[in-house]
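**Student:** entry_6.tsv is reproduced in full below (TSV, C-alpha atoms and all ligand atoms).
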```tsv
chain	number	residue	atom	x	y	z
A	1	MET	CA	116.93	96.34	103.37
A	2	ARG	CA	118.49	99.60	102.34
A	3	PRO	CA	116.23	102.65	102.65
A	4	GLN	CA	116.61	105.84	100.64
A	5	GLU	CA	119.36	107.77	102.47
A	6	GLY	CA	117.48	111.06	102.04
A	7	LEU	CA	114.92	109.88	104.61
A	8	PHE	CA	117.51	110.31	107.35
A	9	HIS	CA	118.12	113.99	106.57
A	10	SER	CA	115.64	116.66	107.64
A	11	PRO	CA	115.16	119.39	105.01
A	12	GLY	CA	118.13	121.75	104.87
A	13	ALA	CA	118.07	125.50	104.37
A	14	PHE	CA	116.31	125.04	101.02
A	15	SER	CA	113.78	122.40	100.08
A	16	ALA	CA	111.34	121.70	97.29
A	17	VAL	CA	108.68	119.21	96.30
A	18	ALA	CA	107.84	118.28	92.72
A	19	VAL	CA	104.68	116.29	92.00
A	20	LEU	CA	104.57	114.62	88.59
A	21	ARG	CA	101.86	112.93	86.58
A	22	LEU	CA	102.41	109.92	84.35
A	23	SER	CA	101.82	110.47	80.63
A	24	ARG	CA	99.47	108.13	78.80
A	25	ASN	CA	100.68	104.77	77.53
A	26	VAL	CA	103.87	104.65	79.53
A	27	ALA	CA	104.93	101.15	80.57
A	28	LEU	CA	105.88	100.65	84.20
A	29	SER	CA	109.30	99.38	83.13
A	30	GLN	CA	109.90	102.65	81.25
A	31	LEU	CA	108.92	104.70	84.31
A	32	ARG	CA	111.21	102.61	86.48
A	33	ASP	CA	114.13	103.15	84.07
A	34	VAL	CA	113.59	106.92	84.12
A	35	LEU	CA	113.23	107.09	87.91
A	36	SER	CA	116.26	104.86	88.41
A	37	THR	CA	118.44	107.14	86.28
A	38	LEU	CA	117.11	110.23	88.06
A	39	TYR	CA	117.53	108.70	91.52
A	40	ALA	CA	121.07	107.53	90.71
A	41	GLU	CA	122.13	111.02	89.66
A	42	LEU	CA	120.47	112.90	92.51
A	43	SER	CA	121.43	110.50	95.27
A	44	ALA	CA	125.09	110.54	94.13
A	45	THR	CA	125.22	114.34	94.40
A	46	GLU	CA	127.01	115.53	97.50
A	47	GLY	CA	125.08	117.95	99.66
A	48	LEU	CA	121.75	117.04	98.09
A	49	HIS	CA	119.16	114.96	99.92
A	50	THR	CA	116.51	113.28	97.83
A	51	VAL	CA	113.40	111.30	98.65
A	52	LEU	CA	111.41	109.84	95.78
A	53	GLY	CA	107.96	108.32	96.16
A	54	LEU	CA	105.45	106.70	93.80
A	55	GLN	CA	101.73	106.27	93.90
A	56	PRO	CA	101.48	103.03	95.95
A	57	THR	CA	99.59	101.09	93.24
A	58	LEU	CA	102.58	101.53	90.91
A	59	LEU	CA	104.71	99.34	93.15
A	60	PRO	CA	103.98	95.66	92.63
A	61	GLY	CA	103.49	93.93	95.98
A	62	ALA	CA	102.51	97.11	97.83
A	63	PRO	CA	99.41	96.64	99.98
A	64	ALA	CA	96.46	98.80	98.91
A	65	PRO	CA	96.14	101.27	101.79
A	66	SER	CA	92.64	102.21	102.90
A	67	ALA	CA	91.63	105.51	101.32
A	68	LEU	CA	93.43	108.23	103.27
A	69	LEU	CA	92.55	111.31	101.26
A	70	PRO	CA	90.28	113.14	100.88
A	71	ARG	CA	89.43	113.26	104.57
A	72	GLN	CA	86.68	115.30	106.15
A	73	GLY	CA	86.13	116.53	109.69
A	74	PRO	CA	83.33	118.67	111.09
A	75	THR	CA	85.15	121.94	110.33
A	76	ALA	CA	87.98	121.19	107.91
A	77	ARG	CA	89.00	118.92	105.06
A	78	PHE	CA	92.21	117.43	103.70
A	79	PRO	CA	91.83	117.10	99.91
A	80	SER	CA	93.35	114.60	97.53
A	81	THR	CA	95.25	115.72	94.45
A	82	GLN	CA	96.91	112.31	94.25
A	83	SER	CA	99.35	112.01	91.39
A	84	HIS	CA	102.01	109.45	90.40
A	85	VAL	CA	105.45	110.60	91.53
A	86	LEU	CA	106.66	112.88	94.32
A	87	VAL	CA	110.25	114.06	94.63
A	88	GLN	CA	111.51	116.03	97.63
A	89	VAL	CA	114.95	117.57	97.31
A	90	SER	CA	116.80	119.52	100.01
A	91	ALA	CA	120.13	121.31	100.13
A	92	GLU	CA	122.01	123.96	102.08
A	93	GLY	CA	122.38	126.09	98.91
A	94	ARG	CA	119.76	127.38	96.49
A	95	GLU	CA	121.97	126.73	93.48
A	96	LEU	CA	122.09	123.00	94.16
A	97	LEU	CA	118.36	122.88	94.80
A	98	LEU	CA	117.58	124.58	91.48
A	99	TRP	CA	119.99	122.29	89.66
A	100	ALA	CA	118.21	119.28	91.18
A	101	LEU	CA	114.78	120.52	90.10
A	102	ARG	CA	116.05	121.09	86.57
A	103	ARG	CA	117.42	117.53	86.51
A	104	VAL	CA	114.05	116.17	87.70
A	105	LEU	CA	112.34	117.77	84.70
A	106	ALA	CA	115.08	116.94	82.19
A	107	HIS	CA	115.08	113.24	83.14
A	108	SER	CA	111.35	112.78	83.44
A	109	LYS	CA	109.87	114.83	80.58
A	110	ALA	CA	109.43	111.84	78.24
A	111	VAL	CA	107.18	110.01	80.70
A	112	LEU	CA	105.98	112.51	83.32
A	113	SER	CA	104.60	116.03	83.38
A	114	LEU	CA	105.02	118.48	86.24
A	115	GLU	CA	101.81	119.01	88.15
A	116	GLU	CA	102.91	120.93	91.23
A	117	GLU	CA	106.17	122.41	92.39
A	118	VAL	CA	106.76	124.11	95.74
A	119	LEU	CA	110.02	125.78	96.69
A	120	GLY	CA	110.77	127.01	100.16
A	121	GLY	CA	113.16	126.79	103.01
A	122	ARG	CA	114.10	127.68	106.49
A	123	ILE	CA	112.87	130.98	107.93
A	124	GLY	CA	115.41	132.42	110.37
A	125	GLU	CA	116.67	129.76	112.74
A	126	GLY	CA	113.75	127.49	111.80
A	127	ARG	CA	110.36	129.17	112.12
A	128	ASP	CA	107.12	128.58	110.30
A	129	ALA	CA	105.29	131.37	108.45
A	130	PHE	CA	103.36	132.24	111.64
A	131	GLY	CA	106.72	132.92	113.33
A	132	PHE	CA	106.75	129.79	115.50
A	133	ARG	CA	109.79	127.57	115.96
A	134	ASP	CA	109.26	124.35	114.05
A	135	GLY	CA	111.20	121.13	113.64
A	136	LEU	CA	112.38	121.35	117.23
A	137	LEU	CA	112.73	117.64	117.86
A	138	ARG	CA	115.16	116.60	115.14
A	139	PRO	CA	114.82	112.85	114.68
A	140	THR	CA	117.82	110.62	115.23
A	141	ARG	CA	118.66	107.91	112.66
A	142	GLU	CA	117.26	105.34	115.07
A	143	GLN	CA	113.96	107.25	115.36
A	144	VAL	CA	113.69	107.46	111.56
A	145	ARG	CA	114.38	103.75	111.31
A	146	ARG	CA	111.73	102.92	113.91
A	147	ALA	CA	108.98	105.36	112.90
A	148	ALA	CA	109.42	105.74	109.16
A	149	LEU	CA	110.65	102.48	107.67
A	150	VAL	CA	108.63	99.39	106.79
A	151	PRO	CA	110.41	96.84	109.01
A	152	SER	CA	109.98	93.57	107.08
A	153	GLY	CA	108.39	91.81	104.12
A	154	ALA	CA	108.62	92.59	100.42
A	155	LEU	CA	108.69	96.34	101.14
A	156	ALA	CA	111.28	96.28	103.92
A	157	GLY	CA	113.09	99.62	103.94
A	158	ALA	CA	110.31	101.45	102.09
A	159	SER	CA	108.56	104.46	103.63
A	160	TRP	CA	105.04	105.87	103.30
A	161	LEU	CA	105.08	109.57	102.45
A	162	LEU	CA	102.24	111.94	103.14
A	163	TYR	CA	102.20	115.27	101.34
A	164	LEU	CA	99.80	118.09	102.22
A	165	ARG	CA	100.20	121.68	101.08
A	166	PHE	CA	98.71	124.19	103.51
A	167	GLN	CA	97.94	127.82	102.72
A	168	LYS	CA	98.21	129.94	105.84
A	169	ASP	CA	95.97	132.86	106.62
A	170	LEU	CA	98.66	135.17	108.02
A	171	GLU	CA	96.30	138.10	108.35
A	172	ARG	CA	93.72	136.21	110.41
A	173	PHE	CA	96.34	134.57	112.64
A	174	GLY	CA	98.09	137.94	113.00
A	175	ARG	CA	94.91	139.50	114.41
A	176	LEU	CA	95.16	137.18	117.45
A	177	LYS	CA	97.01	138.49	120.49
A	178	PRO	CA	100.43	136.79	120.96
A	179	GLN	CA	99.15	134.75	123.90
A	180	ALA	CA	96.12	133.52	121.92
A	181	GLN	CA	98.43	132.52	119.06
A	182	GLU	CA	100.49	130.45	121.47
A	183	ARG	CA	97.36	128.72	122.74
A	184	VAL	CA	96.46	127.75	119.16
A	185	VAL	CA	99.85	126.10	118.65
A	186	GLY	CA	100.34	124.83	122.22
A	187	ARG	CA	103.90	126.13	122.25
A	188	THR	CA	105.36	129.59	122.71
A	189	ARG	CA	106.89	131.23	119.64
A	190	ASP	CA	110.25	129.95	120.85
A	191	GLY	CA	109.02	126.41	121.30
A	192	GLU	CA	108.32	126.09	125.05
A	193	LEU	CA	105.26	123.99	125.86
A	194	VAL	CA	102.27	126.08	126.98
A	195	THR	CA	101.29	124.13	130.09
A	196	ASP	CA	97.64	125.18	130.19
A	197	ALA	CA	97.01	125.07	126.42
A	198	PRO	CA	93.46	123.96	125.52
A	199	ALA	CA	92.70	120.51	124.11
A	200	GLU	CA	92.29	122.05	120.63
A	201	ALA	CA	95.93	123.28	120.57
A	202	HIS	CA	97.91	121.78	117.68
A	203	ILE	CA	100.44	120.10	119.92
A	204	HIS	CA	97.71	118.34	121.91
A	205	ARG	CA	95.89	117.25	118.76
A	206	ALA	CA	99.13	116.01	117.15
A	207	ARG	CA	100.04	114.12	120.32
A	208	ALA	CA	96.54	112.66	120.79
A	209	SER	CA	97.21	110.24	117.92
A	210	GLY	CA	100.45	109.09	119.54
A	211	ALA	CA	102.53	110.91	116.89
A	212	GLY	CA	104.40	113.18	119.34
A	213	GLU	CA	108.18	113.07	119.73
A	214	ASN	CA	108.85	111.38	116.39
A	215	GLN	CA	106.89	108.30	117.40
A	216	LEU	CA	104.60	107.39	114.50
A	217	LEU	CA	105.83	109.70	111.79
A	218	ILE	CA	108.84	111.80	110.92
A	219	ARG	CA	108.03	115.34	109.79
A	220	ARG	CA	110.06	116.73	106.90
A	221	GLY	CA	108.01	119.72	105.81
A	222	PHE	CA	109.15	123.25	105.05
A	223	PRO	CA	107.60	126.72	104.81
A	224	PHE	CA	107.15	128.25	101.35
A	225	ARG	CA	106.07	131.48	99.71
A	226	HIS	CA	104.74	131.49	96.16
A	227	GLY	CA	102.65	133.99	94.23
A	228	GLY	CA	101.76	135.96	97.35
A	229	GLU	CA	100.73	132.83	99.24
A	230	GLU	CA	102.58	131.52	102.29
A	231	GLY	CA	102.21	128.15	103.86
A	232	LEU	CA	103.63	124.82	104.88
A	233	ALA	CA	104.56	122.04	102.49
A	234	PHE	CA	103.91	119.25	104.99
A	235	VAL	CA	105.80	116.09	104.10
A	236	SER	CA	106.17	113.18	106.45
A	237	ALA	CA	107.47	109.63	106.42
A	238	SER	CA	105.93	106.71	108.26
A	239	ALA	CA	106.23	102.92	108.47
A	240	ASP	CA	102.47	102.46	108.22
A	241	PRO	CA	99.79	104.45	106.36
A	242	ASP	CA	97.28	103.66	109.13
A	243	TYR	CA	99.26	105.98	111.43
A	244	TYR	CA	98.41	108.83	109.05
A	245	GLN	CA	94.75	107.97	109.28
A	246	ARG	CA	94.96	108.21	113.06
A	247	SER	CA	96.94	111.47	112.99
A	248	LEU	CA	94.76	113.19	110.41
A	249	ASP	CA	91.56	112.15	112.19
A	250	ALA	CA	92.93	113.55	115.47
A	251	LEU	CA	93.61	116.91	113.75
A	252	LEU	CA	90.29	117.01	111.90
A	253	GLY	CA	88.29	116.00	114.98
A	254	VAL	CA	86.81	112.85	113.42
A	255	GLY	CA	84.72	110.61	115.70
A	256	GLY	CA	83.84	113.21	118.29
A	257	GLN	CA	87.43	114.39	118.89
A	258	THR	CA	88.22	118.10	119.30
A	259	PRO	CA	89.25	119.66	115.96
A	260	ASP	CA	92.72	121.26	115.79
A	261	ALA	CA	92.54	125.04	116.32
A	262	LEU	CA	95.39	125.54	113.82
A	263	LEU	CA	93.11	124.40	111.00
A	264	ARG	CA	91.10	127.63	111.43
A	265	TYR	CA	94.19	129.43	110.11
A	266	ALA	CA	95.63	126.91	107.65
A	267	LEU	CA	93.79	125.43	104.68
A	268	ALA	CA	94.98	122.21	103.04
A	269	VAL	CA	94.81	122.73	99.27
A	270	SER	CA	96.53	119.65	97.88
A	271	GLY	CA	97.74	116.29	99.06
A	272	GLY	CA	98.55	112.69	98.35
A	273	LEU	CA	100.00	109.45	99.69
A	274	TYR	CA	103.18	108.07	98.12
A	275	LEU	CA	105.45	105.15	98.81
A	276	ALA	CA	109.22	105.66	98.76
A	277	PRO	CA	110.63	102.29	97.65
A	278	PRO	CA	113.88	101.03	99.16
A	279	HIS	CA	117.15	102.01	97.50
A	280	ASP	CA	117.44	98.64	95.73
A	281	TRP	CA	114.18	99.12	93.83
A	282	PHE	CA	116.06	101.56	91.63
A	283	HIS	CA	118.23	99.48	89.37
A	284	ALA	CA	121.50	100.69	87.95
A	285	PRO	CA	120.91	102.77	84.80
A	286	ALA	CA	121.36	100.80	81.57
A	287	SER	CA	124.53	102.66	80.52
A	288	ARG	CA	126.19	101.84	83.84
A	289	GLN	CA	125.10	98.20	83.68
A	290	GLU	CA	126.74	97.91	80.29
A	291	ALA	CA	129.88	99.54	81.60
A	292	THR	CA	130.12	97.01	84.41
A	293	PRO	CA	132.53	94.20	83.45
A	301	LIG	C1	99.55	124.13	108.52
A	301	LIG	C2	99.75	122.99	109.08
A	301	LIG	C3	100.68	122.79	110.24
A	301	LIG	C4	101.42	123.70	110.96
A	301	LIG	C5	101.50	125.20	110.78
A	301	LIG	C6	102.13	122.95	111.96
A	301	LIG	C7	102.97	123.54	112.91
A	301	LIG	C8	103.57	122.88	113.94
A	301	LIG	C9	104.38	123.50	114.96
A	301	LIG	C10	104.70	125.00	115.03
A	301	LIG	C11	104.77	122.53	115.80
A	301	LIG	C12	105.63	122.72	117.05
A	301	LIG	C13	107.08	122.68	116.80
A	301	LIG	C14	107.66	121.31	116.85
A	301	LIG	O1	107.28	120.50	117.72
A	301	LIG	O2	108.53	121.04	116.02
A	301	LIG	C15	104.23	121.27	115.31
A	301	LIG	C16	104.41	120.04	115.88
A	301	LIG	C17	103.87	118.87	115.39
A	301	LIG	N1	103.01	118.72	114.34
A	301	LIG	FE1	102.38	120.18	113.13
A	301	LIG	N2	101.83	121.63	111.84
A	301	LIG	C18	100.95	121.48	110.79
A	301	LIG	C19	100.39	120.31	110.31
A	301	LIG	C20	100.60	119.08	110.87
A	301	LIG	C21	100.05	117.84	110.36
A	301	LIG	C22	99.17	117.71	109.11
A	301	LIG	C23	100.49	116.86	111.20
A	301	LIG	C24	100.23	115.37	111.17
A	301	LIG	C25	99.77	114.66	110.18
A	301	LIG	C26	101.30	117.47	112.23
A	301	LIG	C27	101.91	116.81	113.25
A	301	LIG	C28	102.74	117.39	114.19
A	301	LIG	C29	103.46	116.64	115.19
A	301	LIG	C30	103.44	115.12	115.36
A	301	LIG	C31	104.17	117.58	115.96
A	301	LIG	C32	105.13	117.28	117.12
A	301	LIG	C33	104.39	117.15	118.41
A	301	LIG	C34	105.41	116.91	119.52
A	301	LIG	O3	106.22	115.98	119.41
A	301	LIG	O4	105.39	117.67	120.46
A	301	LIG	N3	101.34	118.82	111.98
A	301	LIG	N4	103.49	121.52	114.18
```
Have the structure of the file written as structure tokens, please.
**Tutor:**
Amino acid sequence: MRPQEGLFHSPGAFSAVAVLRLSRNVALSQLRDVLSTLYAELSATEGLHTVLGLQPTLLPGAPAPSALLPRQGPTARFPSTQSHVLVQVSAEGRELLLWALRRVLAHSKAVLSLEEEVLGGRIGEGRDAFGFRDGLLRPTREQVRRAALVPSGALAGASWLLYLRFQKDLERFGRLKPQAQERVVGRTRDGELVTDAPAEAHIHRARASGAGENQLLIRRGFPFRHGGEEGLAFVSASADPDYYQRSLDALLGVGGQTPDALLRYALAVSGGLYLAPPHDWFHAPASRQEATP
């Protein structure tokens, strides 16, 4: 089992997500050829980290996961804008990131159309749009392997990707006093745990599902600004889609749980579940196969 190498690299200074929809009458073999050529080019590019996922039903042998999105809690909702292909690219330089996005479109235009594109990147030393330190617990390779990779079976080495785009209400959050903001997150702006944070604090809700400390999922999201809107492109990788169900229900407050206070200030506007096949699913592009003696 050889996973996609990009899964082991947290987003760099710049990151982007492209969500693409399959055109009508495209055979699966044609899509696989296009994605294989794209993946080969991007994954061979030094300094660029790529993760490519497909709608799970496009992968023969993939189990049909129970419907994850849309998901509703008493006070908030995670919508579904499920599409067919999701590509996340990350780099330390903007030039390389833009090149990668251009290559995504150039390769895929015969079979896919761009539905959503989000560009963003690190704020300061790694803060979210509310000014809080994020991505504090960088996962080790071993943690990624344990939490994010399907361990065995036909899909060994694959990874389930959850994508949710959140719009943040900076004005509303900014009206809270600094201490109240920290009680919403459950950490200080610089990342220290707030010991007496309420049960509705994001950290408590995220940990209630067992997902704390890179246990059930690996977070690979990034903040973005686009058209006057700021938010978080939440992307994560997990070995099992049921873990997402647990985590999302803990945030939404499903089944009598306390809803996450952060969701009063962040609205999920799009989302989907994708499956990143193992490296070997992408076959060598035809031209290279021919060139091989
Ligand atoms: C707008 C949406 C969100 C914002 C602004 C946000 C922000 C944050 C921040 C600031 C932290 C603390 C810094 C850190 O531990 O790296 C954090 C931790 C975390 N978040 Fe979120 N998050 C959001 C959505 C989500 C979602 C949708 C999930 C799960 C599906 C999630 C799961 C987690 C987990 C597991 C942790 C780490 C808890 C720990 O190990 O202590 N977050 N988030």
**Student:** Give me the residues within 12 Å of A:Phe130 as a PyMOL selection string, counting all atoms listed in the file and dropping any in the same chain fewer than 2 places off.
**Tutor:** chain A and resi 123+126-128+132-134+167-176+178+181-182+184-185+188-190+223-224+230-232+262+265-266
**Student:** At a cut-off of 8 Å and counting all atoms listed in the file, what residues surround ligand LIG 301 (chain A)? Please answer as a ChimeraX atom specification.
**Tutor:** /A:127-130,132-137,162,164-168,185-187,191,202-204,206-207,210-219,231-232,234,236,244,247-248,251,262-263,265-268
**Student:** So what do you get for atom CA of A:Ala197 versus atom CA of A:Ala233, distance-wise?
**Tutor:**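 Result for atom CA of A:Ala197 versus atom CA of A:Ala233: 25.3 Å, one decimal.
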**Student:** Find the residues around stretch 53-59 of chain A up to 8 Å (all atoms listed in the file counted), leave out those fewer than 4 positions away in its own chain, and share them as a ChimeraX atom specification.
**Tutor:** /A:28,63-64,82-87,161,273-277
**Student:** Give the answer as one residue: which of A:Ala250, A:Leu48, A:Leu31, A:Leu7 has the shortest atom-to-atom distance to A:Leu112, using all atoms listed in the file?
**Tutor:**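 Checking each candidate against A:Leu112, we get A:Leu31 as the closest.
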**Student:** Could you pull the residues within 6 Å of stretch 141-152 of chain A, counting all atoms listed in the file, minus those fewer than 5 positions along the same chain, as a PyMOL selection string?
**Tutor:** chain A and resi 8+157-159+215-217+237-239
**Student:** What separation in Å, quoted to one decimal, exists between atom CA of A:Phe14 and atom CA of A:Glu117?
**Tutor:**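 If I compute the distance from atom CA of A:Phe14 to atom CA of A:Glu117, I get 13.6 Å.
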**Student:** Got a sec: who's within 9 Å of A:Leu35, counting only C-alpha atoms, leaving out chain neighbours fewer than 6 positions off, as a list in words?
**Tutor:**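 Non-adjacent residues within range: Leu52, His107, Ser108 and Phe282 of chain A.
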**Student:** In Å, rounded to a single decimal, give me how far atom CA of A:His49 is from atom CA of A:Gln4.
**Tutor:**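 Atom CA of A:Gln4 sits 9.5 Å away from atom CA of A:His49.
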**Student:** Which residue is closest to A:Val118? Choose from A:Pro139, A:Gly227, A:Pro60, A:Pro70 and count all atoms listed in the file.
**Tutor:**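 Checking each candidate against A:Val118, we get A:Gly227 as the closest.
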**Student:** Which residues are near A:Thr75? Cut-off 9 Å, all atoms listed in the file, ignore same chain within fewer than 5 positions. Put them as a list in words.
**Tutor:**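 Returned residues: Leu252, Gly253, Pro259, Leu263 and Arg264 of chain A.
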**Student:** Let me see the file: selected residues, C-alpha atoms, as a PDB file, keeping the file's coordinate frame.
**Tutor:**
```
ATOM      1  CA  LEU A 252      90.290 117.010 111.900  1.00  0.00           C
ATOM      2  CA  GLY A 253      88.290 116.000 114.980  1.00  0.00           C
ATOM      3  CA  PRO A 259      89.250 119.660 115.960  1.00  0.00           C
ATOM      4  CA  LEU A 263      93.110 124.400 111.000  1.00  0.00           C
ATOM      5  CA  ARG A 264      91.100 127.630 111.430  1.00  0.00           C
TER       6      ARG A 264
END
```
**Student:** Padding 3 Å on every side, please: axis-aligned box over the listed atoms of stretch 180-194 of chain A, centre and edge lengths to one decimal in Å, as lines of an AutoDock Vina configuration file.
**Tutor:**
```
center_x = 103.2
center_y = 128.8
center_z = 122.8
size_x = 20.1
size_y = 15.5
size_z = 14.3
```
**Student:** Which one of A:Gly47, A:Pro278, A:Gly272, A:Gly93 sits closest to A:Gly153 if you count all atoms listed in the file?
**Tutor:** A:Pro278
**Student:** Quick one: of A:Arg122, A:Arg21, A:Lys177, A:Arg183, who's nearest to A:Ala110, counting only C-alpha atoms?
**Tutor:**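 For A:Ala110, the nearest of the given residues is A:Arg21.
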**Student:** Using all atoms listed in the file, collect all residues at a distance of at most 9 Å from (115.2, 129.0, 97.1) as written in the file, then present them as number ranges by chain.
**Tutor:** A: 13-16, 93-95, 97-98, 119-121
**Student:** From the structure just shown, export stretch 81-141 of chain A with C-alpha atoms as a compact mmCIF listing (two decimals), in the first residue's frame.
**Tutor:**
```txt
# COMPACT_ATOMS: atom_id res chain seq x y z
CA THR A 81 -22.32 20.52 -2.37
CA GLN A 82 -20.87 17.12 -3.22
CA SER A 83 -19.10 17.03 -6.55
CA HIS A 84 -16.81 14.53 -8.31
CA VAL A 85 -13.17 15.50 -7.84
CA LEU A 86 -11.32 17.50 -5.19
CA VAL A 87 -7.69 18.57 -5.55
CA GLN A 88 -5.76 20.24 -2.73
CA VAL A 89 -2.41 21.74 -3.64
CA SER A 90 0.04 23.39 -1.24
CA ALA A 91 3.39 25.10 -1.68
CA GLU A 92 5.74 27.53 0.04
CA GLY A 93 5.52 29.93 -2.94
CA ARG A 94 2.48 31.49 -4.62
CA GLU A 95 3.99 31.08 -8.08
CA LEU A 96 4.11 27.29 -7.77
CA LEU A 97 0.59 27.19 -6.36
CA LEU A 98 -0.80 29.21 -9.27
CA TRP A 99 1.08 27.05 -11.76
CA ALA A 100 -0.46 23.94 -10.16
CA LEU A 101 -3.99 25.34 -10.37
CA ARG A 102 -3.47 26.21 -14.03
CA ARG A 103 -2.28 22.65 -14.69
CA VAL A 104 -5.37 21.25 -12.93
CA LEU A 105 -7.61 23.14 -15.34
CA ALA A 106 -5.50 22.50 -18.43
CA HIS A 107 -5.44 18.73 -17.84
CA SER A 108 -9.03 18.32 -16.79
CA LYS A 109 -11.00 20.64 -19.07
CA ALA A 110 -12.04 17.89 -21.51
CA VAL A 111 -13.79 15.89 -18.80
CA LEU A 112 -14.32 18.15 -15.78
CA SER A 113 -15.52 21.68 -15.12
CA LEU A 114 -14.41 23.85 -12.21
CA GLU A 115 -17.12 24.26 -9.63
CA GLU A 116 -15.33 25.87 -6.69
CA GLU A 117 -11.84 27.17 -6.14
CA VAL A 118 -10.49 28.55 -2.86
CA LEU A 119 -7.04 30.06 -2.48
CA GLY A 120 -5.53 30.95 0.83
CA GLY A 121 -2.60 30.42 3.08
CA ARG A 122 -0.92 30.97 6.34
CA ILE A 123 -1.68 34.15 8.29
CA GLY A 124 1.36 35.31 10.24
CA GLU A 125 3.00 32.42 12.06
CA GLY A 126 -0.14 30.29 11.56
CA ARG A 127 -3.32 32.00 12.75
CA ASP A 128 -6.90 31.65 11.62
CA ALA A 129 -8.97 34.63 10.46
CA PHE A 130 -10.14 35.23 14.05
CA GLY A 131 -6.48 35.70 15.02
CA PHE A 132 -6.11 32.37 16.87
CA ARG A 133 -3.13 30.06 16.47
CA ASP A 134 -4.17 27.04 14.44
CA GLY A 135 -2.48 23.84 13.36
CA LEU A 136 -0.57 23.71 16.61
CA LEU A 137 -0.23 19.95 16.84
CA ARG A 138 1.53 19.12 13.58
CA PRO A 139 0.95 15.44 12.88
CA THR A 140 3.92 13.11 12.58
CA ARG A 141 4.09 10.64 9.67
```
